[in-house]
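A quick write-up on the structure given underneath.
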2 protein chains.
Amino acid sequence: MPLNTVPFVSVDHMMRIVLDIGVERVLVELADYVEDDFRRWDCFDKTPRVASHSREGVIELMPTSDGEVYGFKYVNGHPSNMQRGLQTVTAFGVLAAVDSGYPLMLSEMTLLTALRTAATSAVAARHLAPADAHRMAIIGNGAQAEFQALAFKAILGITEISLYDIDPAATRKCVGNLRSHGFDIRVANSAEEAVQGAQIVTTVTADKQYATILTDNMIGSGVHINAIGGDCPGKTELHRDILLRSSIFVEFTPQTRIEGEIQQLAPDHPVSELWEVIAGRAEGRTSPDQITLFDSVGFAIEDFAALRYLRDRLADTRHFVELDMIADPDDPRDLFGMLMRAREYC
Amino acid sequence: MPLNTVPFVSVDHMMRIVLDIGVERVLVELADYVEDDFRRWDCFDKTPRVASHSREGVIELMPTSDGEVYGFKYVNGHPSNMQRGLQTVTAFGVLAAVDSGYPLMLSEMTLLTALRTAATSAVAARHLAPADAHRMAIIGNGAQAEFQALAFKAILGITEISLYDIDPAATRKCVGNLRSHGFDIRVANSAEEAVQGAQIVTTVTADKQYATILTDNMIGSGVHINAIGGDCPGKTELHRDILLRSSIFVEFTPQTRIEGEIQQLAPDHPVSELWEVIAGRAEGRTSPDQITLFDSVGFAIEDFAALRYLRDRLADTRHFVELDMIADPDDPRDLFGMLMRAREYC
């Protein structure tokens with residue numbers, strides 16, 4: 001490829017790539033990339049995200065590097081956007097070569113983030129959920145719900161799902177979207193009803209507050225809780241008593257202490273990091289009665305793995321364009337000459 | 001403009017925009033944007049840059065916000081790139097709306113950074129150089145040299161320049177590029193010769209080391225030094241004794257203490273910030289004999305001002321394309337449905 005251009009994957013390209021490969025296969029392959037990168041956790045530069053807060057929301061840059069490739073994601077979170085017909089979250093990301101600093105790829109990441117979040121949940125469940133899990137409750141039926149359902153079907157073989165949302169329209173949308181994907185779907189009238197008979201409980205609600213989507217009495221022994229929605233300061237979904245009964249697994253402890261469900265607990269409450277379980281350095285589920293909790297907030301290495309996956313797939317697809325993003329004069333010292341010579345063809 | 005697209009300014013677009021407006025006029029207008037943003041310094045969120053260092057170089061993200069608009073620049077610095085025929089520095093940047101988090105513009109920033117660096121130097125000199133300045137020495141005749149010369153001509157009326165570089169080929173390139181731009185150019189055989197009779201001395205060399213481009217005896221009273229090249233830890237251009245005789249002006253003190261010429265001085269050595277001079281909160285040049293030094297390392301607000309300028313000019317130009325970067329389902333909660341419906345036209 002020419003030196004001065006960078007492949008760009010638009011939203012439309014991303015949809016075509018995902019549809020060409022197949023959503024479930026993308027989720028399976030993404031899960032492997034996430035697991036591979038979690039396994040080599042020590043290779044990564046784990047800079048904290050850089051957040052710019054405003055009254056309306058937050059804009060964040062999430063950089064990381066494995067020493068060979070550098071990546072970052074731009075992502076915003078603006079809860080009030082939905083009322084204006086805008087996305088609450090939009091995202092794009094970049095990979096670059098560490099040895100030259102040249103960008104390697106620019107991509108939309110709204111869809112890619114939805115896919116990597118679901119794939120990461122399924123990776124955690126692969127290590128933590130009870131072996132006989134066959135039913136999952138999904139509480140919160142917004143933009144992430146279908147991706148969670150498909151990831152758990154593709155990666156763990158979960159085909160029975162029960163759905164609940166305080167807004168029945170969200171559940172109807174979710175049922176409509178999942179109808180043709182081979183699920184046995186039950187619509188519940190309450191969160192209590194949804195969790196009955198479920199070995200896995202996914203909470204993925206959107207309210208930005210200290211909420212109690214699950215109370216202590218709703219969670220029986222042996223359940224795996226996949227808590228996705230409590231992902232920033234002031235936003236949680238689980239009653240504190242559930243946390244006290246659970247073995248807690250997180251992505252990156254310093255970040256989850258601030259953003260996750262465990263912001264409700266003492267700063268020294270014991271937790272394990274998921275990568276430790278994957279790398280065989282910590283125990284996952286040790287008994288059938290144990291309640292396991294994946295307190296997920298999203299971490300830069302997941303985005304890195306997703307961008308890495310996308311880049312590896314780009315070679316097989318026509319679904320990108322080259323952007324002329326890098327000034328490339330014949331003599332690197334002659335930037336001004338390059339500009340002046342452009343007069344000839346402008 | 002549609003909600004889901006973001007205007008993108010490529011290198012080619014940027015060259016066309018600059019040539020359409022005229023390089024000198026761009027520098028004049030950019031200087032005003034930089035000065036305006038320095039004047040309202042207190043409005044800005046001044047996050048330190050986030051650097052990822054490697055053996056070969058550094059990749060940095062430089063974010064800032066004025067509360068209404070958010071901007072960041074991606075920039076790398078890889079000194080060894082030049083030997084491989086690559087740019088030492090490449091850059092691109094983004095503006096976004098603080099109230100929605102939506103990106104407003106994506107642009108190449110290699111050329112734009114060269115322009116804003118020169119414009120910022122001229123802004124500093126407008127406040128610090130002696131009133132009768134008519135000759136500038138430029139030591140280091142690489143990629144930034146011509147932009148410096150044109151900015152000082154357009155903004156301060158400097159038309160006499162003397163050039164020196166340890167590599168005569170760099171000087172020849174610079175003379176060739178500037179020949180038709182109305183300068184009286186003298187080529188010097190040494191840095192000593194170059195500074196003779198110059199009221200302004202610009203140092204803009206590329207070596208990544210503690211260098212001594214200027215020694216104490218070379219700088220007479222009344223001179224303004226525009227020190228551009230000493231811009232990262234371990235890289236300086238001036239002998240320490242010059243600093244001790246100078247009134248020192250910087251962009252953002254915490255950053256310049258680490259990256260600028262003043263890394264050679266005690267951490268409490270008195271300096272003024274340029275914005276204070278512009279806003280009338282600190283004195284600039286107070287006597288004709290005073291040596292003034294602008295110890296420039298580049299700061300996020302300059303990039304912000306440059307992106308803001310570019311965005312304001314975009315309306316008058318055809319030189320950009322719209323990128324489909326933002327997933328925009330009809331119902332924000334129906335990201336999955338958007339993906340599935342794309343099957344119909346993919």
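Here's how to read the names in the structure tokens: chain A, B, ... by the order shown, residue numbers from 1 in each chain, ligand numbers from 1 in the order shown.
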
With a distance threshold of 6 Å and counting only C-alpha atoms, extract the residues of chain A near chain B and express them as a PDB file with C-alpha atoms, in the first residue's frame.
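File written: out.pdb
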```
ATOM      1  CA  SER A  10     -16.832   3.333   7.503  1.00  0.00           C
ATOM      2  CA  VAL A  11     -20.043   2.276   9.246  1.00  0.00           C
ATOM      3  CA  MET A  15     -21.814  -3.637   8.251  1.00  0.00           C
ATOM      4  CA  GLU A  56     -23.843  16.819  29.019  1.00  0.00           C
ATOM      5  CA  ASN A  76     -18.258   9.683  23.897  1.00  0.00           C
ATOM      6  CA  GLN A  87     -26.557   8.004  19.584  1.00  0.00           C
ATOM      7  CA  ASP A  99       8.218   1.580  15.041  1.00  0.00           C
ATOM      8  CA  GLY A 101       4.297   6.102  14.298  1.00  0.00           C
ATOM      9  CA  GLU A 108     -15.765   3.368  12.905  1.00  0.00           C
ATOM     10  CA  GLY A 142     -31.337  -1.701  24.371  1.00  0.00           C
ATOM     11  CA  ALA A 143     -28.630  -1.486  21.721  1.00  0.00           C
ATOM     12  CA  ASP A 324      -4.781  10.403   1.949  1.00  0.00           C
ATOM     13  CA  MET A 325      -3.918  11.262   5.568  1.00  0.00           C
ATOM     14  CA  ALA A 327       1.970  14.175   4.045  1.00  0.00           C
ATOM     15  CA  PRO A 332      11.005  14.504   4.158  1.00  0.00           C
ATOM     16  CA  ARG A 333      12.594  17.907   4.815  1.00  0.00           C
ATOM     17  CA  ASP A 334      10.757  19.452   1.884  1.00  0.00           C
ATOM     18  CA  LEU A 335       7.206  19.816   3.147  1.00  0.00           C
ATOM     19  CA  LEU A 339       2.954  22.354  -1.026  1.00  0.00           C
TER      20      LEU A 339
END
```

message = I'd like the contact shell of segment 187-195 of chain B - 10 Å cut-off, only C-alpha atoms, skipping same-chain residues fewer than 2 positions apart - returned as a PyMOL selection string.
response = chain B and resi 135-140+161-166+168+171-172+175+185+197-203+213-215+217-220+223

key: Test item, strand (DSSP E) assignment across segment 85-295 of chain B, answer as a ChimeraX atom specification   = /B:91-97,103-108,135-139,160-164,184-187,200-203,210-214,224-227,236-238,246-250,272-273,291-295

task = Excluding Ala125 of chain A and residues on its chain fewer than 2 positions from it, collect all residues at most 10 Å away from it, counting only C-alpha atoms, and give them as a ChimeraX atom specification.
result = /A:119-123,127-131,133,152,155-156,200,224-226,284-285,292-294

request  = Fewer than 4 positions away in the same chain doesn't count, so skip those; otherwise give me all residues within 9 Å of Arg245 of chain B, counting only C-alpha atoms, as JSON, numbers by chain.
outcome  = {"B": [216, 241, 290, 291, 292]}

With N, CA, C and O atoms retained, write the just-selected residues as an mmCIF file, in the first residue's frame.
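New file again_12.cif:
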```cif
data_model
loop_
_atom_site.group_PDB
_atom_site.id
_atom_site.type_symbol
_atom_site.label_atom_id
_atom_site.label_comp_id
_atom_site.auth_asym_id
_atom_site.auth_seq_id
_atom_site.Cartn_x
_atom_site.Cartn_y
_atom_site.Cartn_z
ATOM 1 N N ASP B 216 26.833 31.496 24.131
ATOM 2 C CA ASP B 216 26.522 32.760 24.801
ATOM 3 C C ASP B 216 27.040 33.982 24.037
ATOM 4 O O ASP B 216 26.342 34.987 23.897
ATOM 5 N N ASP B 241 23.932 29.407 29.439
ATOM 6 C CA ASP B 241 24.250 30.794 29.797
ATOM 7 C C ASP B 241 23.335 31.799 29.084
ATOM 8 O O ASP B 241 23.062 32.880 29.615
ATOM 9 N N GLN B 290 16.967 44.219 26.273
ATOM 10 C CA GLN B 290 16.545 42.928 26.817
ATOM 11 C C GLN B 290 16.661 41.807 25.777
ATOM 12 O O GLN B 290 16.299 41.994 24.619
ATOM 13 N N ILE B 291 17.181 40.659 26.222
ATOM 14 C CA ILE B 291 17.121 39.468 25.369
ATOM 15 C C ILE B 291 15.839 38.720 25.728
ATOM 16 O O ILE B 291 15.629 38.367 26.892
ATOM 17 N N THR B 292 14.978 38.515 24.730
ATOM 18 C CA THR B 292 13.743 37.747 24.967
ATOM 19 C C THR B 292 13.878 36.381 24.303
ATOM 20 O O THR B 292 14.474 36.259 23.235
#
```

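Distance-wise, atom CA of Glu273 of chain A and atom CA of Glu251 of chain A end up 5.5 Å apart.
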
request  = Would you mind writing down, as a VMD selection string, each residue of segment 43-212 of chain B that DSSP on the backbone assigns to helix (DSSP H, G or I)?
outcome  = chain B and resid 43 79 to 84 110 to 128 145 to 156 168 to 181 191 to 195

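Near Trp41 of chain B, within a cut-off of 9 Å and counting only C-alpha atoms, sit the residues Asp36, Asp66, Trp275, Glu276, Ala279 and Ile301 of chain B, with same-chain residues fewer than 5 positions away left out.
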
task = For atom CA of Asp167 of chain A and atom CA of Val204 of chain A, determine how far apart the two atoms are, in Å to one decimal place.
result = 13.3 Å

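Of the listed residues A:Cys43, A:Val277, A:Ala282, A:Val297, the one whose atoms come nearest to Gln263 of chain A is A:Val297, with distances taken using only C-alpha atoms.
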
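A straight line drawn from atom CA of Tyr33 of chain B to atom CA of Arg308 of chain B is 7.9 Å long.
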